[in-house]
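model38.csv (CSV, C-alpha atoms (C1' of nucleotides)) appears below.
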chain,number,residue,atom,x,y,z
A,1,MET,CA,58.6,210.4,49.6
A,2,LEU,CA,59.8,207.1,51.0
A,3,ILE,CA,60.6,207.6,54.6
A,4,GLY,CA,60.4,205.6,57.9
A,5,GLU,CA,61.7,202.3,59.3
A,6,TYR,CA,59.8,199.1,59.3
A,7,THR,CA,60.7,195.6,60.5
A,8,HIS,CA,59.2,192.6,58.7
A,9,SER,CA,59.8,188.9,58.9
A,10,GLN,CA,60.9,186.6,56.2
A,11,ASP,CA,58.9,183.3,56.1
A,12,ASP,CA,60.3,179.9,55.3
A,13,LYS,CA,59.7,180.5,51.6
A,14,LYS,CA,61.9,183.6,51.8
A,15,ARG,CA,59.0,185.9,51.1
A,16,ILE,CA,59.1,189.4,52.7
A,17,SER,CA,56.1,191.7,53.0
A,18,LEU,CA,56.7,195.3,52.0
A,19,PRO,CA,55.7,197.9,54.5
A,20,ALA,CA,52.2,199.2,53.7
A,21,LYS,CA,53.4,202.8,53.5
A,22,PHE,CA,55.8,201.9,50.7
A,23,LYS,CA,53.5,199.7,48.6
A,24,LYS,CA,51.5,202.4,47.0
A,25,GLU,CA,54.4,204.7,46.2
A,26,ILE,CA,56.8,202.1,45.0
A,27,GLY,CA,54.4,200.2,42.7
A,28,LYS,CA,53.9,196.6,41.6
A,29,LYS,CA,57.4,196.2,40.1
A,30,VAL,CA,60.6,197.2,41.9
A,31,VAL,CA,64.3,197.0,41.2
A,32,ILE,CA,66.6,195.6,43.9
A,33,THR,CA,70.4,195.9,43.7
A,34,HIS,CA,73.6,195.9,45.7
A,35,GLY,CA,73.6,198.8,48.2
A,36,LEU,CA,76.4,200.4,50.1
A,37,ASP,CA,77.4,199.4,53.6
A,38,ASN,CA,76.1,195.8,53.0
A,39,CYS,CA,72.5,196.6,52.5
A,40,LEU,CA,70.3,196.4,49.4
A,41,PHE,CA,68.7,199.3,47.6
A,42,MET,CA,65.2,199.0,46.3
A,43,PHE,CA,63.7,201.5,43.8
A,44,GLY,CA,60.4,202.0,42.1
A,45,ILE,CA,60.7,201.5,38.3
A,46,LYS,CA,60.5,205.2,37.5
A,47,GLU,CA,63.3,206.1,40.0
A,48,TRP,CA,65.4,203.3,38.7
A,49,VAL,CA,65.2,204.5,35.1
A,50,LYS,CA,66.4,208.0,36.2
A,51,ILE,CA,69.3,206.6,38.1
A,52,SER,CA,70.4,203.9,35.7
A,53,GLU,CA,70.4,206.5,32.9
A,54,LYS,CA,72.7,208.7,34.8
A,55,LEU,CA,75.1,205.8,35.6
A,56,GLY,CA,75.0,204.4,32.1
A,57,SER,CA,76.2,207.7,30.7
A,58,LEU,CA,79.3,207.7,32.9
A,59,SER,CA,82.5,207.4,31.1
A,60,MET,CA,83.9,203.9,31.4
A,61,GLY,CA,87.5,205.1,31.2
A,62,GLN,CA,88.1,204.6,34.9
A,63,ALA,CA,88.4,201.2,36.4
A,64,SER,CA,86.5,202.4,39.5
A,65,SER,CA,83.3,203.5,37.5
A,66,ARG,CA,83.4,200.2,35.7
A,67,GLY,CA,83.5,198.4,38.9
A,68,PHE,CA,80.8,200.4,40.4
A,69,ASN,CA,78.5,199.9,37.5
A,70,ARG,CA,79.1,196.2,37.4
A,71,MET,CA,78.0,196.1,41.0
A,72,PHE,CA,75.1,198.5,40.8
A,73,LEU,CA,73.7,197.8,37.4
A,74,GLY,CA,74.9,194.3,36.9
A,75,GLY,CA,73.7,193.3,40.3
A,76,ALA,CA,70.2,194.6,39.8
A,77,VAL,CA,67.1,192.6,39.4
A,78,GLU,CA,63.5,193.4,38.6
A,79,VAL,CA,61.2,191.9,41.2
A,80,ASP,CA,57.4,191.6,41.1
A,81,VAL,CA,55.4,192.4,44.1
A,82,ASP,CA,52.8,189.6,44.7
A,83,SER,CA,49.1,190.2,45.2
A,84,VAL,CA,49.4,190.8,48.9
A,85,GLY,CA,52.5,193.0,48.7
A,86,ARG,CA,55.4,190.6,49.2
A,87,ILE,CA,58.7,190.3,47.3
A,88,LEU,CA,61.2,187.5,46.7
A,89,ILE,CA,64.8,188.5,46.8
A,90,PRO,CA,67.3,186.4,44.7
A,91,ASP,CA,69.9,184.5,46.6
A,92,PHE,CA,73.0,186.4,45.4
A,93,LEU,CA,71.4,189.6,46.8
A,94,ARG,CA,70.3,188.0,50.0
A,95,GLU,CA,73.8,186.9,50.5
A,96,HIS,CA,75.2,190.4,50.0
A,97,ALA,CA,72.9,191.7,52.7
A,98,GLY,CA,73.6,188.8,55.0
A,99,LEU,CA,69.9,187.8,55.1
A,100,SER,CA,69.5,184.5,56.8
A,101,ASP,CA,68.4,181.5,54.8
A,102,LYS,CA,66.0,180.7,57.5
A,103,VAL,CA,63.1,182.6,59.0
A,104,GLY,CA,64.4,186.0,60.2
A,105,LYS,CA,63.8,189.7,60.5
A,106,VAL,CA,64.4,192.3,57.8
A,107,VAL,CA,64.5,196.0,58.2
A,108,PHE,CA,63.2,198.4,55.5
A,109,THR,CA,64.4,202.0,55.7
A,110,GLY,CA,63.0,204.7,53.4
A,111,VAL,CA,65.6,207.2,52.3
A,112,TYR,CA,63.9,209.8,50.2
A,113,ASN,CA,63.8,208.1,46.7
A,114,LYS,CA,64.8,204.6,47.6
A,115,VAL,CA,64.3,201.9,50.2
A,116,GLU,CA,67.1,200.2,51.9
A,117,ILE,CA,66.8,196.6,52.9
A,118,TRP,CA,68.9,195.4,55.9
A,119,ASP,CA,69.4,192.3,58.0
A,120,GLU,CA,67.9,193.3,61.3
A,121,LEU,CA,71.1,192.6,63.3
A,122,ARG,CA,73.4,194.5,60.9
A,123,TRP,CA,71.0,197.4,61.0
A,124,LYS,CA,71.0,197.6,64.7
A,125,ASN,CA,74.8,197.5,64.8
A,126,TYR,CA,75.1,200.1,62.1
A,127,LYS,CA,72.7,202.4,63.9
A,128,VAL,CA,74.7,202.2,67.1
A,129,GLU,CA,77.9,203.1,65.2
A,130,ASN,CA,76.2,205.8,63.3
A,131,LEU,CA,74.9,207.5,66.4
A,132,LYS,CA,78.4,207.9,67.7
A,133,HIS,CA,78.8,210.6,65.1
A,134,VAL,CA,76.0,212.7,66.6
A,135,ASP,CA,78.2,215.8,66.6
A,136,ASP,CA,78.6,215.6,62.8
A,137,ILE,CA,74.9,215.1,62.5
A,138,ALA,CA,74.1,218.1,64.6
A,139,GLU,CA,76.4,220.2,62.4
A,140,LYS,CA,74.6,219.0,59.3
A,141,LEU,CA,71.2,219.7,60.9
A,142,GLY,CA,72.5,223.3,61.4
A,143,GLU,CA,73.5,223.6,57.8
A,144,PHE,CA,70.0,222.6,56.6
A,145,GLY,CA,68.3,225.0,58.9
A,146,VAL,CA,66.7,222.3,61.0
A,147,ILE,CA,68.1,223.5,64.3
B,1,MET,CA,55.2,230.4,65.5
B,2,LEU,CA,55.4,227.2,67.6
B,3,ILE,CA,56.2,228.1,71.2
B,4,GLY,CA,55.4,226.9,74.7
B,5,GLU,CA,55.6,223.8,76.8
B,6,TYR,CA,52.7,221.3,77.2
B,7,THR,CA,52.5,218.0,79.0
B,8,HIS,CA,50.1,215.3,77.7
B,9,SER,CA,49.4,211.7,78.5
B,10,GLN,CA,49.8,208.8,76.3
B,11,ASP,CA,46.9,206.3,76.5
B,12,ASP,CA,47.1,202.5,76.4
B,13,LYS,CA,46.8,202.6,72.6
B,14,LYS,CA,49.9,204.9,72.5
B,15,ARG,CA,47.9,207.8,71.3
B,16,ILE,CA,49.0,211.3,72.3
B,17,SER,CA,46.9,214.5,72.0
B,18,LEU,CA,48.6,217.4,70.4
B,19,PRO,CA,48.5,220.7,72.4
B,20,ALA,CA,45.6,222.8,71.1
B,21,LYS,CA,47.9,225.7,70.5
B,22,PHE,CA,49.9,223.6,68.0
B,23,LYS,CA,47.0,221.9,66.2
B,24,LYS,CA,46.0,224.8,63.9
B,25,GLU,CA,49.5,225.8,63.0
B,26,ILE,CA,51.0,222.4,62.4
B,27,GLY,CA,48.1,221.0,60.3
B,28,LYS,CA,46.5,217.6,59.8
B,29,LYS,CA,49.7,215.9,58.7
B,30,VAL,CA,53.0,216.1,60.5
B,31,VAL,CA,56.4,214.5,60.1
B,32,ILE,CA,58.2,213.1,63.2
B,33,THR,CA,61.9,212.2,63.2
B,34,HIS,CA,64.9,211.6,65.4
B,35,GLY,CA,66.0,214.7,67.2
B,36,LEU,CA,69.1,215.5,69.2
B,37,ASP,CA,69.5,214.7,72.9
B,38,ASN,CA,67.1,211.8,72.7
B,39,CYS,CA,64.0,213.8,71.8
B,40,LEU,CA,61.9,213.7,68.6
B,41,PHE,CA,61.3,216.5,66.2
B,42,MET,CA,57.9,217.2,64.7
B,43,PHE,CA,57.3,219.4,61.7
B,44,GLY,CA,54.3,220.6,59.7
B,45,ILE,CA,54.3,219.2,56.2
B,46,LYS,CA,55.3,222.5,54.6
B,47,GLU,CA,58.3,222.9,56.8
B,48,TRP,CA,59.3,219.3,56.2
B,49,VAL,CA,59.2,219.5,52.5
B,50,LYS,CA,61.6,222.5,52.5
B,51,ILE,CA,64.1,220.5,54.6
B,52,SER,CA,63.7,217.1,52.9
B,53,GLU,CA,64.3,218.5,49.5
B,54,LYS,CA,67.6,219.8,50.6
B,55,LEU,CA,68.5,216.5,52.2
B,56,GLY,CA,67.4,214.4,49.2
B,57,SER,CA,69.8,216.2,47.0
B,58,LEU,CA,72.8,215.0,49.1
B,59,SER,CA,75.0,212.6,47.3
B,60,MET,CA,75.1,209.1,48.5
B,61,GLY,CA,78.7,208.8,47.7
B,62,GLN,CA,80.0,209.9,51.1
B,63,ALA,CA,79.6,207.6,54.1
B,64,SER,CA,78.8,210.5,56.3
B,65,SER,CA,75.9,211.7,54.1
B,66,ARG,CA,74.5,208.3,53.9
B,67,GLY,CA,74.6,207.9,57.7
B,68,PHE,CA,73.0,211.3,58.2
B,69,ASN,CA,70.2,210.6,55.7
B,70,ARG,CA,69.6,207.2,57.1
B,71,MET,CA,69.1,208.7,60.5
B,72,PHE,CA,67.1,211.7,59.5
B,73,LEU,CA,65.1,210.5,56.6
B,74,GLY,CA,65.0,206.9,57.4
B,75,GLY,CA,64.1,207.9,60.9
B,76,ALA,CA,61.2,210.1,59.8
B,77,VAL,CA,57.5,209.2,59.5
B,78,GLU,CA,54.6,211.0,58.1
B,79,VAL,CA,51.9,210.9,60.7
B,80,ASP,CA,48.2,211.7,60.4
B,81,VAL,CA,46.5,213.7,63.1
B,82,ASP,CA,43.2,212.0,63.9
B,83,SER,CA,39.8,213.7,64.1
B,84,VAL,CA,40.3,214.9,67.6
B,85,GLY,CA,43.9,215.9,67.2
B,86,ARG,CA,45.9,212.9,68.4
B,87,ILE,CA,49.0,211.3,66.9
B,88,LEU,CA,50.4,207.8,66.9
B,89,ILE,CA,54.2,207.6,67.1
B,90,PRO,CA,55.9,204.4,65.7
B,91,ASP,CA,57.7,202.1,68.0
B,92,PHE,CA,61.2,202.8,66.7
B,93,LEU,CA,60.8,206.5,67.4
B,94,ARG,CA,59.2,205.9,70.7
B,95,GLU,CA,62.2,203.8,71.6
B,96,HIS,CA,64.6,206.6,70.6
B,97,ALA,CA,62.9,209.1,72.8
B,98,GLY,CA,62.5,206.7,75.7
B,99,LEU,CA,58.7,206.9,75.7
B,100,SER,CA,57.4,204.2,77.8
B,101,ASP,CA,55.3,201.3,76.3
B,102,LYS,CA,52.8,201.9,79.0
B,103,VAL,CA,50.6,204.9,79.8
B,104,GLY,CA,52.9,207.8,80.5
B,105,LYS,CA,53.5,211.5,80.2
B,106,VAL,CA,55.0,213.3,77.2
B,107,VAL,CA,56.2,216.8,76.9
B,108,PHE,CA,55.8,219.0,73.8
B,109,THR,CA,58.0,222.0,73.4
B,110,GLY,CA,57.6,224.5,70.6
B,111,VAL,CA,60.9,225.8,69.2
B,112,TYR,CA,60.1,228.3,66.5
B,113,ASN,CA,59.5,226.1,63.4
B,114,LYS,CA,59.3,222.7,65.0
B,115,VAL,CA,58.0,220.9,68.1
B,116,GLU,CA,60.1,218.7,70.2
B,117,ILE,CA,58.7,215.7,71.8
B,118,TRP,CA,60.2,214.5,75.1
B,119,ASP,CA,59.6,211.8,77.7
B,120,GLU,CA,58.6,213.7,80.7
B,121,LEU,CA,61.3,212.4,83.0
B,122,ARG,CA,64.1,213.0,80.5
B,123,TRP,CA,62.8,216.5,79.9
B,124,LYS,CA,62.9,217.3,83.6
B,125,ASN,CA,66.4,216.0,83.9
B,126,TYR,CA,67.5,217.9,80.9
B,127,LYS,CA,66.0,221.1,82.1
B,128,VAL,CA,67.9,220.8,85.4
B,129,GLU,CA,71.2,220.2,83.7
B,130,ASN,CA,70.5,222.9,81.2
B,131,LEU,CA,69.7,225.5,83.9
B,132,LYS,CA,73.2,225.1,85.3
B,133,HIS,CA,74.6,226.5,82.1
B,134,VAL,CA,72.2,229.3,81.7
B,135,ASP,CA,74.7,231.9,82.8
B,136,ASP,CA,77.1,230.8,80.0
B,137,ILE,CA,74.3,230.9,77.5
B,138,ALA,CA,73.2,234.3,78.6
B,139,GLU,CA,76.7,235.6,78.2
B,140,LYS,CA,76.8,234.3,74.6
B,141,LEU,CA,73.5,235.8,73.9
B,142,GLY,CA,74.8,239.1,75.1
B,143,GLU,CA,77.7,238.8,72.7
B,144,PHE,CA,75.2,238.5,69.9
B,145,GLY,CA,73.3,241.5,71.1
B,146,VAL,CA,70.2,239.5,71.8
B,147,ILE,CA,69.7,240.4,75.5
C,1,DG,C1',30.8,234.2,92.4
C,2,DT,C1',27.9,231.0,90.0
C,3,DA,C1',26.0,228.8,86.1
C,4,DG,C1',25.9,227.7,81.5
C,5,DA,C1',28.2,227.0,77.3
C,6,DT,C1',32.1,225.8,74.5
C,7,DA,C1',36.3,223.7,73.8
C,8,DA,C1',39.9,220.3,75.0
C,9,DG,C1',41.5,216.0,76.5
C,10,DT,C1',40.7,211.0,77.3
C,11,DG,C1',38.7,206.5,76.7
C,12,DG,C1',36.5,202.6,74.4
C,13,DG,C1',34.3,199.8,70.7
C,14,DA,C1',33.6,198.4,65.8
C,15,DA,C1',35.2,198.1,61.2
C,16,DA,C1',38.9,197.9,58.0
C,17,DT,C1',43.4,196.6,56.7
C,18,DA,C1',48.0,194.7,57.1
C,19,DG,C1',50.9,190.8,57.9
C,20,DT,C1',51.6,186.0,57.9
C,21,DG,C1',50.8,181.2,57.0
C,22,DG,C1',49.2,177.6,54.3
C,23,DT,C1',47.4,175.1,50.1
C,24,DA,C1',46.9,174.1,45.4
C,25,DA,C1',48.3,174.5,40.7
C,26,DG,C1',51.7,174.9,37.1
C,27,DG,C1',56.5,174.0,35.2
C,28,DA,C1',60.9,172.2,35.0
C,29,DA,C1',64.3,168.8,35.9
C,30,DC,C1',65.5,164.1,36.5
D,1,DG,C1',56.1,159.6,34.8
D,2,DT,C1',57.4,161.3,39.1
D,3,DT,C1',59.3,164.5,42.1
D,4,DC,C1',60.8,169.0,43.4
D,5,DC,C1',60.5,173.8,43.1
D,6,DT,C1',58.3,178.0,42.1
D,7,DT,C1',54.4,180.9,41.7
D,8,DA,C1',49.8,182.3,42.4
D,9,DC,C1',45.8,182.2,45.2
D,10,DC,C1',43.1,181.9,49.5
D,11,DA,C1',42.2,182.4,54.5
D,12,DC,C1',43.0,183.6,59.2
D,13,DT,C1',44.5,186.7,63.0
D,14,DA,C1',46.3,190.6,65.0
D,15,DT,C1',46.8,195.2,64.6
D,16,DT,C1',45.5,199.7,63.2
D,17,DT,C1',42.3,203.1,62.1
D,18,DC,C1',38.2,205.5,62.5
D,19,DC,C1',34.3,207.0,64.9
D,20,DC,C1',31.5,208.1,68.8
D,21,DA,C1',30.8,209.3,73.8
D,22,DC,C1',32.2,210.9,78.2
D,23,DT,C1',34.8,213.7,81.4
D,24,DT,C1',37.4,217.7,82.5
D,25,DA,C1',38.8,222.4,82.0
D,26,DT,C1',38.2,227.1,80.4
D,27,DC,C1',35.7,231.0,79.2
D,28,DT,C1',31.8,234.2,79.3
D,29,DA,C1',27.7,236.3,80.9
D,30,DC,C1',24.8,237.3,84.4

Please render this file's structure as structure tokens.
Amino acid sequence: MLIGEYTHSQDDKKRISLPAKFKKEIGKKVVITHGLDNCLFMFGIKEWVKISEKLGSLSMGQASSRGFNRMFLGGAVEVDVDSVGRILIPDFLREHAGLSDKVGKVVFTGVYNKVEIWDELRWKNYKVENLKHVDDIAEKLGEFGVI
Amino acid sequence: MLIGEYTHSQDDKKRISLPAKFKKEIGKKVVITHGLDNCLFMFGIKEWVKISEKLGSLSMGQASSRGFNRMFLGGAVEVDVDSVGRILIPDFLREHAGLSDKVGKVVFTGVYNKVEIWDELRWKNYKVENLKHVDDIAEKLGEFGVI
DNA sequence: GTAGATAAGTGGGAAATAGTGGTAAGGAAC
DNA sequence: GTTCCTTACCACTATTTCCCACTTATCTAC
């Protein structure tokens, strides 16, 4: 299971190290695509196949599913992990996530079967906003038998 | 069942011993994640798997589910217990719980199926506040036929 | 009550690994 | 042919992890 939060820096060649905890599970080849809330989603190949098959089988009748698939499938790239566990994210995806062109910090968040990639600043802001809904969160925790 | 309150110190390498009473029951691998009221939740692996499977099945379509999973799953880490029963809590979780960067005291509280981890000072304050409402709580418990 | 023994908690050092930076080689474009 | 960009490889450093040792506390037997 992919869980946890890790911050890594992007060097001047735009290379970003994957968190060690994710390297083994996610494999040597990953798929990165547009995520929701201005982040990127990263999947291991196996997970990606499952998900893309589901999406591919969606009826294309509705404009909204077409739009979603264009973003989610059309915006996806297969990326190789280099020998020391770094990835190189294409510019159009980096732009979507607001990753700086220069040296900067990137946050990886494991969410069960995928990893989300965030610009550090956006992540911090999102977290603050998110925590304002603590009551909803508590309610959900109750539903799941956590508290 | 995990019950009782124990105070332990965190050394300069940020290692914290688990209370002996919890070690056997909770096992060699635990999961720690964001809790409510600025504490952390710690689960044994078996308990965690139950919970996370439910959470993983949540759709990512709704913003609230995404937010919840980002906090609860993204905020979770699998932590190994070392040979003498200590754990190492990642910085982002330590920050959430207000655990000092330096040597300090940490409180473990067993609450049925999980252990809560508190900064000692926050725990004391919370306890004081909480005791003020004990009468109300007792009344509620009475309603439910507990006491 | 005291002494010994066992377990628990704390501390430090060495080895392994992760993260980052740089260099060189291979291609593509001009 | 030259230059620029990309990719792969190599090397260093800081951090993490693992292991061992010491101190403190608890329990038991005498």

With all Cα atoms paired residue by residue, do a least-squares superposition of chain B on chain A and hand back the transformed coordinates as an mmCIF file with C-alpha atoms, in the coordinates of the input.
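Final output, part_8.cif:
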data_model
loop_
_atom_site.group_PDB
_atom_site.id
_atom_site.type_symbol
_atom_site.label_atom_id
_atom_site.label_comp_id
_atom_site.auth_asym_id
_atom_site.auth_seq_id
_atom_site.Cartn_x
_atom_site.Cartn_y
_atom_site.Cartn_z
ATOM 1 C CA MET B 1 57.758 210.223 49.998
ATOM 2 C CA LEU B 2 59.207 206.959 51.390
ATOM 3 C CA ILE B 3 59.770 207.319 55.127
ATOM 4 C CA GLY B 4 59.613 205.209 58.266
ATOM 5 C CA GLU B 5 61.025 202.036 59.678
ATOM 6 C CA TYR B 6 59.266 198.620 59.435
ATOM 7 C CA THR B 7 60.367 195.181 60.498
ATOM 8 C CA HIS B 8 59.074 192.122 58.571
ATOM 9 C CA SER B 9 59.779 188.435 58.575
ATOM 10 C CA GLN B 10 61.124 186.412 55.835
ATOM 11 C CA ASP B 11 59.356 183.038 55.396
ATOM 12 C CA ASP B 12 60.934 179.688 54.513
ATOM 13 C CA LYS B 13 60.460 180.459 50.809
ATOM 14 C CA LYS B 14 62.491 183.704 51.311
ATOM 15 C CA ARG B 15 59.518 185.848 50.667
ATOM 16 C CA ILE B 16 59.296 189.216 52.417
ATOM 17 C CA SER B 17 56.157 191.407 52.711
ATOM 18 C CA LEU B 18 56.605 194.994 51.818
ATOM 19 C CA PRO B 19 55.383 197.532 54.457
ATOM 20 C CA ALA B 20 51.863 198.640 53.513
ATOM 21 C CA LYS B 21 52.910 202.238 53.621
ATOM 22 C CA PHE B 22 55.436 201.591 50.817
ATOM 23 C CA LYS B 23 53.290 199.358 48.591
ATOM 24 C CA LYS B 24 51.200 202.098 46.910
ATOM 25 C CA GLU B 25 54.047 204.478 46.375
ATOM 26 C CA ILE B 26 56.665 202.073 45.137
ATOM 27 C CA GLY B 27 54.397 200.175 42.680
ATOM 28 C CA LYS B 28 54.138 196.609 41.420
ATOM 29 C CA LYS B 29 57.690 196.473 40.114
ATOM 30 C CA VAL B 30 60.758 197.493 42.042
ATOM 31 C CA VAL B 31 64.488 197.376 41.449
ATOM 32 C CA ILE B 32 66.804 196.124 44.255
ATOM 33 C CA THR B 33 70.572 196.668 44.211
ATOM 34 C CA HIS B 34 73.672 196.769 46.351
ATOM 35 C CA GLY B 35 73.631 199.609 48.800
ATOM 36 C CA LEU B 36 76.301 201.057 51.041
ATOM 37 C CA ASP B 37 77.121 199.709 54.505
ATOM 38 C CA ASN B 38 75.947 196.240 53.611
ATOM 39 C CA CYS B 39 72.295 197.100 53.030
ATOM 40 C CA LEU B 40 70.247 196.904 49.801
ATOM 41 C CA PHE B 41 68.561 199.721 48.017
ATOM 42 C CA MET B 42 65.082 199.417 46.565
ATOM 43 C CA PHE B 43 63.591 201.815 44.070
ATOM 44 C CA GLY B 44 60.280 202.216 42.250
ATOM 45 C CA ILE B 45 60.648 201.676 38.538
ATOM 46 C CA LYS B 46 60.298 205.368 37.701
ATOM 47 C CA GLU B 47 63.031 206.375 40.051
ATOM 48 C CA TRP B 48 65.257 203.605 38.752
ATOM 49 C CA VAL B 49 64.936 204.519 35.174
ATOM 50 C CA LYS B 50 66.064 208.121 35.893
ATOM 51 C CA ILE B 51 69.209 206.790 37.624
ATOM 52 C CA SER B 52 70.016 203.915 35.238
ATOM 53 C CA GLU B 53 69.917 206.112 32.230
ATOM 54 C CA LYS B 54 72.552 208.274 33.704
ATOM 55 C CA LEU B 55 74.667 205.281 34.614
ATOM 56 C CA GLY B 56 74.291 203.598 31.201
ATOM 57 C CA SER B 57 75.768 206.569 29.520
ATOM 58 C CA LEU B 58 79.084 206.148 31.437
ATOM 59 C CA SER B 59 81.935 205.156 29.263
ATOM 60 C CA MET B 60 83.363 201.770 29.708
ATOM 61 C CA GLY B 61 86.785 202.988 29.003
ATOM 62 C CA GLN B 62 87.731 203.755 32.606
ATOM 63 C CA ALA B 63 88.329 200.899 35.042
ATOM 64 C CA SER B 64 86.612 202.776 37.766
ATOM 65 C CA SER B 65 83.385 203.255 35.754
ATOM 66 C CA ARG B 66 83.324 199.701 34.795
ATOM 67 C CA GLY B 67 83.723 198.584 38.429
ATOM 68 C CA PHE B 68 81.008 200.973 39.566
ATOM 69 C CA ASN B 69 78.559 199.830 36.868
ATOM 70 C CA ARG B 70 79.309 196.236 37.503
ATOM 71 C CA MET B 71 78.435 196.704 41.120
ATOM 72 C CA PHE B 72 75.433 198.897 40.691
ATOM 73 C CA LEU B 73 73.895 197.677 37.530
ATOM 74 C CA GLY B 74 75.157 194.211 37.556
ATOM 75 C CA GLY B 75 74.100 194.058 41.150
ATOM 76 C CA ALA B 76 70.551 195.215 40.423
ATOM 77 C CA VAL B 77 67.431 193.101 39.799
ATOM 78 C CA GLU B 78 64.017 193.958 38.694
ATOM 79 C CA VAL B 79 61.654 192.334 41.110
ATOM 80 C CA ASP B 80 57.909 191.761 40.841
ATOM 81 C CA VAL B 81 55.708 192.387 43.831
ATOM 82 C CA ASP B 82 53.299 189.467 44.130
ATOM 83 C CA SER B 83 49.524 189.716 44.549
ATOM 84 C CA VAL B 84 49.694 190.259 48.239
ATOM 85 C CA GLY B 85 52.655 192.572 48.196
ATOM 86 C CA ARG B 86 55.665 190.338 48.820
ATOM 87 C CA ILE B 87 59.071 190.340 47.140
ATOM 88 C CA LEU B 88 61.657 187.682 46.464
ATOM 89 C CA ILE B 89 65.270 188.856 46.764
ATOM 90 C CA PRO B 90 67.966 186.872 44.794
ATOM 91 C CA ASP B 91 70.580 184.971 46.631
ATOM 92 C CA PHE B 92 73.520 187.162 45.642
ATOM 93 C CA LEU B 93 71.819 190.223 47.083
ATOM 94 C CA ARG B 94 70.690 188.404 50.120
ATOM 95 C CA GLU B 95 74.287 187.416 50.677
ATOM 96 C CA HIS B 96 75.447 191.045 50.377
ATOM 97 C CA ALA B 97 73.041 192.228 52.983
ATOM 98 C CA GLY B 98 73.671 189.302 55.301
ATOM 99 C CA LEU B 99 70.067 188.086 55.196
ATOM 100 C CA SER B 100 69.938 184.724 56.634
ATOM 101 C CA ASP B 101 68.989 181.636 54.482
ATOM 102 C CA LYS B 102 66.559 180.698 57.149
ATOM 103 C CA VAL B 103 63.446 182.442 58.472
ATOM 104 C CA GLY B 104 64.547 185.771 59.850
ATOM 105 C CA LYS B 105 63.733 189.407 60.352
ATOM 106 C CA VAL B 106 64.341 192.215 57.855
ATOM 107 C CA VAL B 107 64.158 195.891 58.338
ATOM 108 C CA PHE B 108 62.849 198.383 55.753
ATOM 109 C CA THR B 109 63.775 201.994 56.073
ATOM 110 C CA GLY B 110 62.368 204.696 53.843
ATOM 111 C CA VAL B 111 64.899 207.379 52.874
ATOM 112 C CA TYR B 112 63.124 209.912 50.726
ATOM 113 C CA ASN B 113 63.246 208.343 47.215
ATOM 114 C CA LYS B 114 64.375 204.855 48.061
ATOM 115 C CA VAL B 115 63.958 202.100 50.664
ATOM 116 C CA GLU B 116 66.805 200.441 52.338
ATOM 117 C CA ILE B 117 66.672 196.874 53.221
ATOM 118 C CA TRP B 118 68.644 195.651 56.254
ATOM 119 C CA ASP B 119 69.187 192.442 58.208
ATOM 120 C CA GLU B 120 67.685 193.172 61.497
ATOM 121 C CA LEU B 121 70.767 192.508 63.578
ATOM 122 C CA ARG B 122 73.044 194.601 61.368
ATOM 123 C CA TRP B 123 70.526 197.421 61.462
ATOM 124 C CA LYS B 124 70.479 197.412 65.249
ATOM 125 C CA ASN B 125 74.221 197.458 65.406
ATOM 126 C CA TYR B 126 74.421 200.209 62.913
ATOM 127 C CA LYS B 127 71.902 202.308 64.696
ATOM 128 C CA VAL B 128 73.915 202.048 67.931
ATOM 129 C CA GLU B 129 77.131 203.071 66.272
ATOM 130 C CA ASN B 130 75.384 205.781 64.366
ATOM 131 C CA LEU B 131 73.799 207.282 67.516
ATOM 132 C CA LYS B 132 77.256 207.915 68.936
ATOM 133 C CA HIS B 133 77.909 210.364 66.155
ATOM 134 C CA VAL B 134 74.634 212.103 66.256
ATOM 135 C CA ASP B 135 76.048 215.150 67.970
ATOM 136 C CA ASP B 136 78.565 215.618 65.097
ATOM 137 C CA ILE B 137 75.823 215.200 62.567
ATOM 138 C CA ALA B 138 73.598 217.648 64.309
ATOM 139 C CA GLU B 139 76.356 220.196 64.325
ATOM 140 C CA LYS B 140 76.776 219.804 60.539
ATOM 141 C CA LEU B 141 73.129 220.096 60.041
ATOM 142 C CA GLY B 142 73.175 223.315 61.952
ATOM 143 C CA GLU B 143 75.880 224.609 59.657
ATOM 144 C CA PHE B 144 73.551 224.001 56.761
ATOM 145 C CA GLY B 145 70.733 225.772 58.487
ATOM 146 C CA VAL B 146 68.617 222.674 58.633
ATOM 147 C CA ILE B 147 67.976 222.536 62.418
#

Exercise. Residues at most 6 Å from Lys29 (chain B), counting only C-alpha atoms (C1' of nucleotides), excluding those fewer than 6 positions away in the same chain, as number ranges by chain?
Worked result: B: 79-81

Proximity of chain C to chain A: per-residue shortest pair, 10 Å limit, all atoms listed in the file, as CSV:
residue,atom,partner,partner_atom,distance
C:DT17,C1',A:Ala20,CA,9.7
C:DA18,C1',A:Ala20,CA,7.0
C:DG19,C1',A:Ser17,CA,7.2
C:DT20,C1',A:Asp11,CA,8.0
C:DG21,C1',A:Asp11,CA,8.4

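When all atoms listed in the file are used to compute distances to chain B, the closest of the residues D:DC10, D:DC27, D:DC20, D:DC5 turns out to be D:DC20.
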
For this session: With a distance threshold of 10 Å and counting all atoms listed in the file, extract the residues of chain B near chain A and express them as JSON, numbers by chain.
Result: {"B": [31, 32, 33, 35, 36, 37, 41, 43, 47, 48, 49, 50, 51, 52, 53, 54, 55, 56, 57, 60, 61, 63, 64, 65, 66, 67, 68, 69, 70, 71, 72, 73, 74, 75, 76, 77, 78, 90, 91, 92, 93, 111, 112, 113, 114]}

Problem set entry | Proximal residues of chain D relative to chain A (all atoms listed in the file; 10 Å) as a PyMOL selection string | chain D and resi 6-9
